[in-house]
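K.L.:
This is the structure I want to talk about, given as structure tokens.
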Amino acid sequence: MNRREFLQVLAAASAAGMTLDARDALAAQGGERLYGLPRFGNVHFLHFTDCHAQLLPVWFREPNVNLGFGAASDRVPHLVGEKLLKAFNIKPHSREAHAFTYLDFAQAAKTYGKVGGFAHLATLVKRLKASRPGALLLDGGDTWQGSATALWTQGQDMVEATKLLGVDMMCPHWEFTLGHERVRQLVDNDLKGRIEFLAQNVKTADFGDAVFAPYSLREMNGVTVAVIGQAFPYTPIANPRWMMPDWTFGIQEDAMQKTVDDARAKGAQVVVVLSHNGMDVDLKMAGRITGIDAILGGHTHDGVPQPVQVKNAGGTTLVTNAGSNGKFLGVLDFDVREGRARDFRYRLLPVFSNLLPADADMAALIEKVRAPHLPKLTERLAVTEGLLYRRGNFNGSWDQLILDAMIEVKGADLAFSPGFRWGTSILPNEPITFEQLMDQTAITYPHSTLTEMTGAQIKSILEDVGDNLFNPDPYYQQGGDMVRVGGMTYACAPNERIGNRIQDMRFDGKPMDAGKTYKVAGWAPVGEGASGEPIWDVVAGWLRDRKTIAPRQLNTPRLIGMAGNAGLA
């Protein structure tokens with residue numbers, strides 16, 4: 001039953017006096033079509049990633065700008081909108097089209113409802129595990145950060161939720177911003193015997209010893225499988241180094257190959273890497289490392305319906321990425337015979353909360369976690385007249401709101417806001433609550449700043465950040481999206497080399513003076529000892545004063561040389 005047929009049946013049934021229970025039965029039919037996934041093979045992995053501590057169902061808009069550079073240009077995962085639908089043969093205006101693209105987002109969101117929510121995800125996990133004996137549930141990280149309650153409990157709410165969800169193994173990134181002592185406390189106590197915390201590329205800075213287990217071996221239906229963990233390689237660059245001062249990170253290809261070989265030598269017939277590299281890095285690594293059957297990836301928040309099959313000297317490696325915010329669950333089935341994987345099936349299932357009943361135990365845990373904080377979480381700050389979202393290489397309306405607030409409150413000429421990918425969406429004419437503001441700002445280094453910078457320094461910063469995003473070699477892409485800029489305009493030529501990408505910088509319509517000093521507001525400084533009012537207080541006060549927020553006018557750069565790029569809508 002497609003969407004049009006479903007709505008026709010629903011309308012006809014409503015006219016005939018159909019009961020709510022009957023409507024629920026139709027929803028269940030839609031859920032069965034989407035989630036009735038037949039078992040295949042004998043080795044099974046369930047995978048979610050980058051949930052960013054979102055326990056409740058959310059709105060989440062996919063990007064309309066996700067540019068690829070160099071060999072990644074016009075290739076998965078850098079496809080948006082209609083180009084993505086065409087590449088994966090997804091029907092326009094369908095439920096799946098809404099899940100995987102930004103198209104008609106506000107209207108489609110009202111039609112299909114919210115996504116994610118751990119209580120609904122738990123129901124789906126239980127269904128799939130029931131039909132797949134021995135299936136392993138893998139968490140790709142960025143789990144303990146991204147919400148008010150995760151920040152206020154130092155990740156404890158998410159640790160309890162993932163244990164109840166039945167996570168078997170996880171790899172990390174933003175988890176480290178809780179600080180190395182808190183991470184060790186949770187790993188050594190709360191996770192012990194329940195969830196394996198895997199990171200083959202995290203070593204001690206003095207002797208290069210492994211800080212965490214590099215991989216895990218399990219028996220599943222008579223098959224030995226290995227899961228290797230890969231933490232985000234550039235954690236000390238993208239996040240404060242002082243929070244994990246004694247650990248080194250990096251991609252560490254040689255160490256990865258040795259780890260794969262060791263697992264194979266110990267009998268692993270299937271080797272999977274649970275990665276937080278980002279998909280472009282995973283695609284490059286898959287072509288250079290042999291013996292990996294699949295990389296279940298995260299970090300870049302790309303919802304990719306089917307794996308990319310990468311050839312290497314030893315065979316083929318599947319590379320996936322499973323979106324963010326609890327919106328998707330990846331299902332990878334292998335048929336393993338005569339000591340190796342002979343075939344596979346993969347589906348990235350959107351988690352639609354209105355098609356999956358809430359698991360009672362998970363719902364009770366979520367209610368318990370939130371109860372002490374409800375008065376603060378539910379404070380209504382303002383109403384937005386326009387859609388608020390974050391994703392995109394250069395800006396989002398949520399980021400623009402933060403920039404606008406900082407410039408006005410701080411009395412700044414310009415403002416910078418980090419290019420974070422996490423953050424939920426709000427539909428037009430919905431209230432902005434304090435909880436939703438925290439969805440955009442909940443970090444352990446939230447200080448707002450006001451700094452004097454010359455035009456030359458501003459250009460240097462933009463060039464440096466741009467190189468992390470636009471470098472044609474994925475191994476040199478060390479952060480999130482481009483820093484968001486308010487109060488000035490500029491042009492960007494991503495295909496140029498560093499030093500030449502940022503052009504035509506203007507303030508008040510006039511070319512910026514390299515020697516002139518400008519007042520620049522910002523937040524999330526990575527240096528130790530930073531101080532300043534938390535960014536959520538800056539923005540909350542600004543919202544309370546206005547009560548109604550007009551649609552934001554996005555300040556995005558004029559792009560040079562990007563015409564026709566499949567990642568640009």
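Letters for chains follow the order of the structure tokens (A, B, ...), residue numbers begin at 1 for each chain, and ligand numbers begin at 1 in the order shown.
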Can you tell me which residues surround Arg391 (chain A) at a distance of at most 8 Å, considering only C-alpha atoms, apart from same-chain residues fewer than 4 positions away, and format the answer as a PDB file with all heavy atoms, in the first residue's frame?
P.N.:
ATOM      1  N   ARG A  61      15.594  17.229   9.832  1.00  0.00           N
ATOM      2  CA  ARG A  61      15.691  17.517   8.401  1.00  0.00           C
ATOM      3  C   ARG A  61      17.076  17.136   7.883  1.00  0.00           C
ATOM      4  O   ARG A  61      18.090  17.551   8.420  1.00  0.00           O
ATOM      5  CB  ARG A  61      15.444  19.011   8.153  1.00  0.00           C
ATOM      6  CG  ARG A  61      15.567  19.460   6.699  1.00  0.00           C
ATOM      7  CD  ARG A  61      15.531  20.979   6.660  1.00  0.00           C
ATOM      8  NE  ARG A  61      15.544  21.539   5.313  1.00  0.00           N
ATOM      9  CZ  ARG A  61      16.640  21.813   4.604  1.00  0.00           C
ATOM     10  NH1 ARG A  61      17.838  21.534   5.125  1.00  0.00           N
ATOM     11  NH2 ARG A  61      16.570  22.349   3.417  1.00  0.00           N
ATOM     12  N   GLU A  62      17.100  16.373   6.780  1.00  0.00           N
ATOM     13  CA  GLU A  62      18.352  16.027   6.115  1.00  0.00           C
ATOM     14  C   GLU A  62      18.873  17.237   5.327  1.00  0.00           C
ATOM     15  O   GLU A  62      18.113  18.159   5.012  1.00  0.00           O
ATOM     16  CB  GLU A  62      18.150  14.828   5.188  1.00  0.00           C
ATOM     17  CG  GLU A  62      17.720  13.552   5.900  1.00  0.00           C
ATOM     18  CD  GLU A  62      18.768  13.012   6.857  1.00  0.00           C
ATOM     19  OE1 GLU A  62      19.969  13.221   6.612  1.00  0.00           O
ATOM     20  OE2 GLU A  62      18.381  12.383   7.866  1.00  0.00           O
ATOM     21  N   PRO A  63      20.159  17.244   4.980  1.00  0.00           N
ATOM     22  CA  PRO A  63      20.746  18.433   4.337  1.00  0.00           C
ATOM     23  C   PRO A  63      20.351  18.592   2.872  1.00  0.00           C
ATOM     24  O   PRO A  63      20.084  17.610   2.185  1.00  0.00           O
ATOM     25  CB  PRO A  63      22.246  18.183   4.458  1.00  0.00           C
ATOM     26  CG  PRO A  63      22.373  16.701   4.456  1.00  0.00           C
ATOM     27  CD  PRO A  63      21.175  16.196   5.213  1.00  0.00           C
ATOM     28  N   ASN A 395      25.399  26.395   6.538  1.00  0.00           N
ATOM     29  CA  ASN A 395      24.539  27.068   7.507  1.00  0.00           C
ATOM     30  C   ASN A 395      23.223  26.325   7.616  1.00  0.00           C
ATOM     31  O   ASN A 395      22.874  25.506   6.763  1.00  0.00           O
ATOM     32  CB  ASN A 395      24.274  28.526   7.111  1.00  0.00           C
ATOM     33  CG  ASN A 395      24.014  29.417   8.315  1.00  0.00           C
ATOM     34  OD1 ASN A 395      23.816  28.931   9.421  1.00  0.00           O
ATOM     35  ND2 ASN A 395      24.014  30.721   8.105  1.00  0.00           N
ATOM     36  N   GLY A 396      22.517  26.603   8.686  1.00  0.00           N
ATOM     37  CA  GLY A 396      21.164  26.132   8.884  1.00  0.00           C
ATOM     38  C   GLY A 396      20.414  27.213   9.632  1.00  0.00           C
ATOM     39  O   GLY A 396      21.025  28.111  10.228  1.00  0.00           O
ATOM     40  N   ARG A 421      27.052  19.039  13.375  1.00  0.00           N
ATOM     41  CA  ARG A 421      26.007  18.390  12.582  1.00  0.00           C
ATOM     42  C   ARG A 421      24.798  17.999  13.426  1.00  0.00           C
ATOM     43  O   ARG A 421      23.715  17.804  12.893  1.00  0.00           O
ATOM     44  CB  ARG A 421      26.564  17.139  11.901  1.00  0.00           C
ATOM     45  CG  ARG A 421      27.650  17.414  10.866  1.00  0.00           C
ATOM     46  CD  ARG A 421      27.999  16.129  10.117  1.00  0.00           C
ATOM     47  NE  ARG A 421      29.055  16.346   9.164  1.00  0.00           N
ATOM     48  CZ  ARG A 421      30.350  16.132   9.392  1.00  0.00           C
ATOM     49  NH1 ARG A 421      30.717  15.686  10.570  1.00  0.00           N
ATOM     50  NH2 ARG A 421      31.260  16.348   8.467  1.00  0.00           N
ATOM     51  N   TRP A 422      25.013  17.817  14.721  1.00  0.00           N
ATOM     52  CA  TRP A 422      23.910  17.367  15.567  1.00  0.00           C
ATOM     53  C   TRP A 422      22.963  18.530  15.874  1.00  0.00           C
ATOM     54  O   TRP A 422      23.319  19.688  15.795  1.00  0.00           O
ATOM     55  CB  TRP A 422      24.443  16.750  16.868  1.00  0.00           C
ATOM     56  CG  TRP A 422      25.518  17.548  17.540  1.00  0.00           C
ATOM     57  CD1 TRP A 422      26.870  17.473  17.312  1.00  0.00           C
ATOM     58  CD2 TRP A 422      25.343  18.553  18.542  1.00  0.00           C
ATOM     59  NE1 TRP A 422      27.532  18.374  18.104  1.00  0.00           N
ATOM     60  CE2 TRP A 422      26.631  19.049  18.870  1.00  0.00           C
ATOM     61  CE3 TRP A 422      24.233  19.091  19.184  1.00  0.00           C
ATOM     62  CZ2 TRP A 422      26.836  20.046  19.826  1.00  0.00           C
ATOM     63  CZ3 TRP A 422      24.431  20.072  20.137  1.00  0.00           C
ATOM     64  CH2 TRP A 422      25.712  20.551  20.458  1.00  0.00           C
ATOM     65  N   GLY A 423      21.736  18.187  16.228  1.00  0.00           N
ATOM     66  CA  GLY A 423      20.728  19.206  16.529  1.00  0.00           C
ATOM     67  C   GLY A 423      19.419  18.890  15.822  1.00  0.00           C
ATOM     68  O   GLY A 423      19.392  18.669  14.613  1.00  0.00           O
TER      69      GLY A 423
END
K.L.:
Using only C-alpha atoms, which residues sit within 12 Å of Leu365 (chain A) once same-chain residues fewer than 4 positions away are excluded, as a ChimeraX atom specification?
P.N.:
/A:55-56,118-119,122,156-165,358-361,369-371
K.L.:
Write down as an NGL selection string the residues belonging to region 101-242 of chain A that are assigned alpha helix (DSSP H) by DSSP computed on the backbone.
P.N.:
:A and (105-112 or 118-131 or 148-152 or 156-165 or 180-185 or 235-238)
K.L.:
At most 12 Å is the cut-off: for each residue in region 74-178 of chain A with any atom that close to an atom of region 266-289 of chain A, write down the nearest atom pair and the distance in Å rounded to one decimal, counting only C-alpha atoms, chain first then increasing number, as a tab-separated table.
P.N.:
residue	atom	partner	partner_atom	distance
A:Arg75	CA	A:Asp280	CA	10.0
A:Val76	CA	A:Asp280	CA	8.8
A:Pro77	CA	A:Met279	CA	7.2
A:His78	CA	A:Asp280	CA	9.4
A:Leu136	CA	A:Val272	CA	11.3
A:Leu137	CA	A:Leu274	CA	10.8
A:Leu138	CA	A:Leu274	CA	7.4
A:Asp139	CA	A:Leu274	CA	7.9
A:Gly140	CA	A:Leu274	CA	6.2
A:Gly141	CA	A:His276	CA	6.9
A:Asp142	CA	A:His276	CA	8.7
A:Thr143	CA	A:His276	CA	11.6
A:Asp168	CA	A:Leu274	CA	11.7
A:Met169	CA	A:Leu274	CA	8.7
A:Met170	CA	A:Leu274	CA	7.4
A:Cys171	CA	A:Leu274	CA	6.6
A:Pro172	CA	A:His276	CA	7.0
A:His173	CA	A:His276	CA	7.0
A:Trp174	CA	A:His276	CA	10.2
A:Glu175	CA	A:His276	CA	11.7
K.L.:
Quick one: pull the distance between CA of Arg558 (chain A) and CA of Asp481 (chain A), Å, one decimal.
P.N.:
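Computing it gives 16.2 Å between the two atoms.
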K.L.:
List the spatial neighbours of Gly117 (chain A) as an NGL selection string - criterion: any atom at most 9 Å away, only C-alpha atoms, same-chain residues fewer than 4 positions off excluded.
P.N.:
:A and (54-58 or 121-122 or 325-327 or 351-353 or 358)
K.L.:
Tell me, as a ChimeraX atom specification, which residues lie within 9 Å of Ile560 (chain A), counting only C-alpha atoms; anything in the same chain fewer than 5 positions away does not count.
P.N.:
/A:491-495
K.L.:
Which residue gives the smallest distance to Asn555 (chain A) among A:Glu533, A:Ile498, A:Ser448, A:Ala415, with only C-alpha atoms counted?
P.N.:
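Comparing A:Glu533, A:Ile498, A:Ser448, A:Ala415 against Asn555 (chain A), the winner is A:Ala415.
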K.L.:
To one decimal place, how far is CA of Asp439 (chain A) from CA of Ser147 (chain A) in Å?
P.N.:
5.0 Å
K.L.:
Please determine, counting only C-alpha atoms, which residue among A:Pro350, A:Gly561, A:Gly541, A:Gly411 has the shortest atom-to-atom distance to Leu34 (chain A).
P.N.:
A:Pro350
K.L.:
Quick one: residues within 7 Å of Val520 (chain A), only C-alpha atoms, excluding same-chain residues fewer than 4 positions away - as number ranges by chain?
P.N.:
A: 412-415, 450-453
K.L.:
Hey, can you spit out that residue selection with all heavy atoms as a short mmCIF file (atom, residue, chain, number, x, y, z; two decimals), in the first residue's frame?
P.N.:
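New file selection_6.cif:
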data_model
loop_
_atom_site.label_atom_id
_atom_site.label_comp_id
_atom_site.auth_asym_id
_atom_site.auth_seq_id
_atom_site.Cartn_x
_atom_site.Cartn_y
_atom_site.Cartn_z
N ALA A 412 28.45 42.54 18.93
CA ALA A 412 29.55 42.16 18.04
C ALA A 412 29.32 42.68 16.62
O ALA A 412 28.19 42.97 16.21
CB ALA A 412 29.70 40.65 18.02
N ASP A 413 30.41 42.77 15.87
CA ASP A 413 30.32 43.06 14.44
C ASP A 413 30.00 41.78 13.67
O ASP A 413 29.18 41.78 12.75
CB ASP A 413 31.65 43.62 13.92
CG ASP A 413 32.03 44.93 14.59
OD1 ASP A 413 31.14 45.79 14.75
OD2 ASP A 413 33.20 45.07 14.97
N LEU A 414 30.66 40.71 14.07
CA LEU A 414 30.54 39.42 13.39
C LEU A 414 30.32 38.33 14.44
O LEU A 414 30.53 38.55 15.63
CB LEU A 414 31.82 39.08 12.61
CG LEU A 414 32.53 40.16 11.81
CD1 LEU A 414 33.84 39.61 11.28
CD2 LEU A 414 31.65 40.63 10.68
N ALA A 415 29.94 37.16 13.95
CA ALA A 415 29.82 36.01 14.86
C ALA A 415 30.20 34.74 14.13
O ALA A 415 29.94 34.58 12.93
CB ALA A 415 28.41 35.90 15.42
N LEU A 450 33.77 37.02 23.20
CA LEU A 450 33.82 38.21 22.34
C LEU A 450 35.29 38.57 22.19
O LEU A 450 35.97 38.88 23.17
CB LEU A 450 33.04 39.38 22.95
CG LEU A 450 32.94 40.63 22.08
CD1 LEU A 450 32.15 40.35 20.80
CD2 LEU A 450 32.31 41.78 22.84
N THR A 451 35.79 38.49 20.97
CA THR A 451 37.22 38.63 20.70
C THR A 451 37.45 39.66 19.60
O THR A 451 36.68 39.72 18.63
CB THR A 451 37.81 37.28 20.26
OG1 THR A 451 37.45 36.27 21.21
CG2 THR A 451 39.32 37.35 20.14
N GLU A 452 38.52 40.42 19.73
CA GLU A 452 38.90 41.33 18.66
C GLU A 452 39.82 40.60 17.69
O GLU A 452 40.82 40.00 18.11
CB GLU A 452 39.59 42.57 19.23
CG GLU A 452 38.64 43.50 19.98
CD GLU A 452 39.26 44.84 20.30
OE1 GLU A 452 40.50 44.97 20.20
OE2 GLU A 452 38.51 45.77 20.65
N MET A 453 39.49 40.66 16.41
CA MET A 453 40.28 40.00 15.37
C MET A 453 40.44 40.95 14.19
O MET A 453 39.52 41.70 13.85
CB MET A 453 39.60 38.72 14.87
CG MET A 453 39.41 37.63 15.88
SD MET A 453 38.66 36.17 15.12
CE MET A 453 38.34 35.18 16.57
#
K.L.:
From region 74-281 of chain A, collect each residue whose DSSP state is strand (DSSP E) and return the set as a compact mmCIF listing (two decimals) with N, CA, C and O atoms, in the first residue's frame.
P.N.:
# COMPACT_ATOMS: atom_id res chain seq x y z
N LEU A 136 23.88 -9.07 16.93
CA LEU A 136 24.58 -8.11 17.77
C LEU A 136 24.09 -6.71 17.47
O LEU A 136 23.99 -6.31 16.30
N LEU A 137 23.81 -5.93 18.52
CA LEU A 137 23.41 -4.53 18.38
C LEU A 137 24.63 -3.65 18.63
O LEU A 137 25.20 -3.66 19.71
N LEU A 138 25.01 -2.89 17.60
CA LEU A 138 26.22 -2.07 17.63
C LEU A 138 25.85 -0.59 17.65
O LEU A 138 25.04 -0.13 16.85
N ASP A 139 26.50 0.15 18.55
CA ASP A 139 26.28 1.58 18.73
C ASP A 139 27.53 2.30 18.22
O ASP A 139 28.62 2.13 18.78
N MET A 169 28.02 -3.62 21.79
CA MET A 169 29.32 -2.98 21.64
C MET A 169 29.12 -1.56 21.14
O MET A 169 28.14 -1.27 20.46
N MET A 170 30.09 -0.69 21.46
CA MET A 170 30.03 0.68 20.98
C MET A 170 31.44 1.19 20.70
O MET A 170 32.43 0.65 21.21
N GLU A 196 30.58 -3.59 25.48
CA GLU A 196 32.02 -3.49 25.22
C GLU A 196 32.32 -2.17 24.52
O GLU A 196 31.71 -1.84 23.50
N PHE A 197 33.27 -1.42 25.05
CA PHE A 197 33.67 -0.11 24.57
C PHE A 197 34.95 -0.32 23.76
O PHE A 197 36.03 -0.54 24.31
N LYS A 203 45.36 5.14 22.05
CA LYS A 203 46.54 4.60 22.73
C LYS A 203 47.05 5.61 23.77
O LYS A 203 46.73 6.80 23.71
N THR A 204 47.86 5.11 24.71
CA THR A 204 48.48 6.01 25.67
C THR A 204 49.58 6.81 24.97
O THR A 204 50.28 6.30 24.10
N TYR A 215 39.11 -4.89 19.89
CA TYR A 215 38.07 -5.63 19.18
C TYR A 215 37.50 -6.70 20.10
O TYR A 215 38.02 -6.96 21.19
N SER A 216 36.42 -7.30 19.62
CA SER A 216 35.75 -8.36 20.38
C SER A 216 35.45 -9.53 19.46
O SER A 216 35.07 -9.34 18.30
N LEU A 217 35.65 -10.74 19.96
CA LEU A 217 35.29 -11.96 19.23
C LEU A 217 34.03 -12.56 19.84
O LEU A 217 33.92 -12.66 21.07
N ARG A 218 33.08 -12.93 19.02
CA ARG A 218 31.85 -13.58 19.47
C ARG A 218 31.51 -14.77 18.58
O ARG A 218 31.86 -14.78 17.39
N GLU A 219 30.83 -15.74 19.14
CA GLU A 219 30.29 -16.86 18.37
C GLU A 219 28.83 -16.58 18.07
O GLU A 219 28.06 -16.22 18.98
N MET A 220 28.43 -16.71 16.80
CA MET A 220 27.05 -16.49 16.42
C MET A 220 26.62 -17.59 15.47
O MET A 220 27.13 -17.69 14.35
N VAL A 223 29.37 -19.46 13.97
CA VAL A 223 30.34 -18.66 13.20
C VAL A 223 31.06 -17.71 14.16
O VAL A 223 30.41 -17.02 14.96
N THR A 224 32.39 -17.65 14.05
CA THR A 224 33.16 -16.69 14.85
C THR A 224 33.19 -15.36 14.12
O THR A 224 33.59 -15.28 12.95
N VAL A 225 32.76 -14.31 14.82
CA VAL A 225 32.74 -12.97 14.22
C VAL A 225 33.58 -12.03 15.08
O VAL A 225 33.68 -12.20 16.30
N ALA A 226 34.19 -11.05 14.42
CA ALA A 226 34.97 -10.03 15.13
C ALA A 226 34.40 -8.66 14.84
O ALA A 226 34.05 -8.35 13.69
N VAL A 227 34.32 -7.84 15.88
CA VAL A 227 33.92 -6.44 15.74
C VAL A 227 35.07 -5.58 16.26
O VAL A 227 35.48 -5.71 17.41
N ILE A 228 35.60 -4.72 15.37
CA ILE A 228 36.71 -3.83 15.71
C ILE A 228 36.17 -2.42 15.90
O ILE A 228 35.38 -1.94 15.09
N GLY A 229 36.59 -1.73 16.94
CA GLY A 229 36.14 -0.37 17.18
C GLY A 229 37.13 0.65 16.65
O GLY A 229 38.34 0.47 16.77
N GLN A 230 36.60 1.71 16.04
CA GLN A 230 37.43 2.80 15.52
C GLN A 230 36.84 4.12 16.01
O GLN A 230 35.78 4.56 15.55
N TRP A 247 45.94 10.60 25.86
CA TRP A 247 45.59 9.60 24.86
C TRP A 247 45.84 10.13 23.46
O TRP A 247 45.63 11.30 23.18
N THR A 248 46.29 9.25 22.57
CA THR A 248 46.45 9.59 21.17
C THR A 248 45.36 8.90 20.34
O THR A 248 44.82 7.86 20.75
N VAL A 270 34.06 -13.63 9.94
CA VAL A 270 33.48 -12.34 9.54
C VAL A 270 34.14 -11.27 10.40
O VAL A 270 34.20 -11.41 11.62
N VAL A 271 34.62 -10.19 9.74
CA VAL A 271 35.22 -9.07 10.45
C VAL A 271 34.48 -7.80 10.08
O VAL A 271 34.38 -7.45 8.89
N VAL A 272 33.96 -7.13 11.08
CA VAL A 272 33.22 -5.88 10.89
C VAL A 272 33.92 -4.79 11.69
O VAL A 272 34.34 -5.03 12.83
N VAL A 273 34.07 -3.61 11.10
CA VAL A 273 34.60 -2.46 11.81
C VAL A 273 33.45 -1.54 12.19
O VAL A 273 32.66 -1.13 11.32
N LEU A 274 33.32 -1.26 13.47
CA LEU A 274 32.35 -0.29 13.98
C LEU A 274 33.08 1.04 14.06
O LEU A 274 33.93 1.24 14.93
N SER A 275 32.79 1.94 13.12
CA SER A 275 33.64 3.09 12.89
C SER A 275 32.94 4.41 13.16
O SER A 275 31.76 4.58 12.86
K.L.:
Name the closest residue to Leu401 (chain A) among the candidates A:Trp542, A:Tyr518, A:Phe434, A:Trp523; distances are taken between atoms, counting only C-alpha atoms.
P.N.:
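Nearest to Leu401 (chain A): A:Trp542.
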K.L.:
Quick check, in Å to one decimal: how far apart do CA of Gln257 (chain A) and CA of Asn471 (chain A) lie?
P.N.:
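Spanning CA of Gln257 (chain A) to CA of Asn471 (chain A) is a straight-line distance of 24.9 Å.
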K.L.:
Tell me which of A:Asp188, A:Asp467, A:Asp246, A:Glu96 sits closest to Val202 (chain A), counting only C-alpha atoms.
P.N.:
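That would be A:Asp246, the residue with the smallest distance to Val202 (chain A).
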K.L.:
Excluding Asp302 (chain A) and residues on its chain fewer than 4 positions from it, collect all residues at most 7 Å away from it, counting only C-alpha atoms, and give them as a ChimeraX atom specification.
P.N.:
/A:77,321-323
K.L.:
May I have the residues within 9 Å of Val383 (chain A) as a list of chain:residue names, using only C-alpha atoms and disregarding those fewer than 4 positions away in the same chain?
P.N.:
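Here the qualifying residues turn out to be A:Pro428, A:Asn429, A:Glu430, A:Pro431, A:Ile432, A:Thr433, A:Leu543, A:Lys547, A:Thr548, A:Ile549, A:Ala550.
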K.L.:
Tell me which of A:Tyr102, A:Phe60, A:Phe470, A:Tyr476 sits closest to Leu79 (chain A), counting only C-alpha atoms.
P.N.:
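Under the stated criterion, the closest residue is A:Tyr102.
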K.L.:
Tell me which of A:Arg33, A:Lys459, A:Arg390, A:Arg342 sits closest to Thr441 (chain A), counting only C-alpha atoms.
P.N.:
A:Arg390
